[in-house]
Structure formats: C-alpha cells, structure tokens
Amino acid sequence: MESTESSYVSSPEAPRKRSPPPPKSPTSDSMEKPTYIRFLVSNAAAGSVIGKGGSTITDFQSQSGARIQLSRNQEFFPGTTDRIIMISGAINETLKAVELVLAKLLSEIHAEEGDDVEPRTKVRLIVPNSSCGGIIGKAGSTIKSFIEESQAGIKISPQDNNYYGLNDRLVTVTGTLDEQMRAIDLILSKLAEDPHYSQSMNAPFSYPVAHNSMNYGPNGAGGKFQNNKEDRSNSVTIGVADGHIGLVVGRGGRTIMEISQVSGARIKISDRGDFMSGTSDRKVTITGSQRAIRAAESMIMQKVAYASERVMD
C-alpha cells in the first residue's frame, strides 16, 4: 500500500465528456474555464482517497471529469503534517470531485464513530494570499454573505511569516458536507473570477522550507538550499495540534524520549499558548542531521496521523 501511495503522485488525465460549447455568456464561460482548488488531508486519510493501486482516485476522476493530484508522501503544507490534494477542471467538474473526496473522508469518520448524526467537520483550503481579498470583500462583506448563504463557518488564517516565500493562506471551512460544499462553491466561483488565481496552478506542491540557518544563503534569500553534508546540524519546526501534543510526549515524556533516541534528533516542544502563527498548533522543533530530522518527523506524524483524522470542532 505504502509503495503505491508514495509513487502515486499525479494521475493520468481523466477522460472528459464535453458537449460543444454553448453560446458565450459570462456564467457558462466561467463554468467551462479550467480552474483548480487545493486542500489539506492527513497522511493517513490520503491513503483512503488514493485507494488500492490508485483505484479510488481513478474512479473519482472518471465520475467527475476532473483531474485529482496529491502531493508526495513526505510533501506537506508548511507548518503541518498534512498532504495537499489539487483538483482541477471546469468548476462543476472540480466541485463534483471535491464532494466525492470529502464524502469519502466523512464515511471513514462515520465508520469509526458509528454516529447517526452527520458530523460538522473541517476542511482547510489553500488560497494564494493575493486572492484572499476577493473572498473577504470590502469590510468583510463577501465572507459574511458566504457564511450566511452556506451556513458554514469560514475562517481565513493570517499570513504565516515563519516560511520565507510562502504566499498561501489557509481558509478553514467548518460544517456538514452540504454546508461545506455550498461554501466551497461560493469560494471557488469567486476565485475563478480572479485572473491571478490560475497562475499558481503550475507549482501546486512546491513550498519553501521553514526558517532555518542551514536553509538560507548569507543574505537570507535563496529558497530551498540542499545541504550536502548529512551530519551537519539542521533545525526544522513543524506544527502539531495542541490536542495531539500528549501523543507525541507520551506518559512521563517516554514517547518523545524514544523518538529522540531512535532518530538521533533533539526535539523541543513550545510552551502552552505558544503556537505556530495563525494556528492553534504547538511548535515542535526538531534539530539534528537531515536524516535524523526526517526520521523524527516521520515518527511524530505516525503518532498524530490517526488522531488528526478525527476532526475536532
């Protein structure tokens, strides 16, 4: 399963069933114009979206006509341990695929909890900073109308300055599946009107690394800088939800000591109330060789992956 998942990054183009284009009108034009949306999924949830040998993701593509791509196994949105799904196609195709994916994730929660009441869950959309103004509107008027119309909670995170060159923000949509889909429809229709929005479609998963003395040239510029000396000391900070910190620390600090010993990395967790910018995630700073950091990060993610699937309001 894992080998399939880590190599299954980009899907083949789904067959498109298109009728001849209707006469030009603003609405039909924006419906047919290719657009895209990106959102986060936990590493564990990514497996259920892909399916055995890629069967689920292929099925979702043929049902919707949209293309579904997933960031690689260790390719996370900065400050999180979540992978990125990008869905692209015409607006209606994209929305259909989003609904299929979210419904699949919801069915996993249902199966675990066996609850008849439809849960209110959260989905975190990735939106370029330059496009957030359109969603917010003058004095917040647009986002207010979206909340009223969809009945979903919509929150836009502040810009995270911990990452050099990070130009995206997270838009958290909370609600039942219907409420979330109404909100995503409104948000995506708004984004599709923004000519700059489609430009960031070309590099959906390429993100700069965290602020880190080893990652930058002398003047602080320079994006990703690969350090060839594996044993040099690096430092990376990741975010772990406040409620999951206990899983990482373990009883009497046993788990964190074990992760540190096995990986060879030093691990420091921020104090209560000291969060990653714009989130309620605690800072977990991992220091050591790149190999040690990767090992520790992977072990920490495994500890929280199951818990992060169960969305807490």
# chains A, B, ... in the order shown; residues from 1 in each chain; ligands from 1

$ residues_around --residues "Ser280 (chain A)" --least-positions-apart "3" --cutoff "9 Å" --atoms "only C-alpha atoms" --output "ChimeraX atom specification"
/A:239-242,273-277

$ write_last_selection --atoms "C-alpha atoms" --output "compact mmCIF listing (two decimals), in the first residue's frame"
# COMPACT_ATOMS: atom_id res chain seq x y z
CA GLY A 239 3.10 22.28 13.82
CA VAL A 240 1.23 19.69 15.88
CA ALA A 241 -2.33 20.34 17.05
CA ASP A 242 -2.42 21.30 20.72
CA GLY A 273 -0.11 29.01 24.29
CA ASP A 274 2.99 29.40 22.05
CA PHE A 275 1.53 28.46 18.66
CA MET A 276 2.57 28.46 15.00
CA SER A 277 1.48 31.77 13.51

$ closest_residue --among "A:Asp271, A:Asp194, A:Glu99, A:Glu148" --to "Val123 (chain A)" --atoms "only C-alpha atoms"
A:Glu99

$ closest_residue --among "A:Asp178, A:Asp168, A:Glu149, A:Glu297" --to "Thr121 (chain A)" --atoms "only C-alpha atoms"
A:Asp178

$ select_by_dssp --residues "region 242-311 of chain A" --states "strand (DSSP E)" --output "list in words"
Arg266, Ile267, Lys268, Ile269, Asp281, Arg282, Lys283, Val284, Thr285, Ile286, Thr287 and Gly288 of chain A
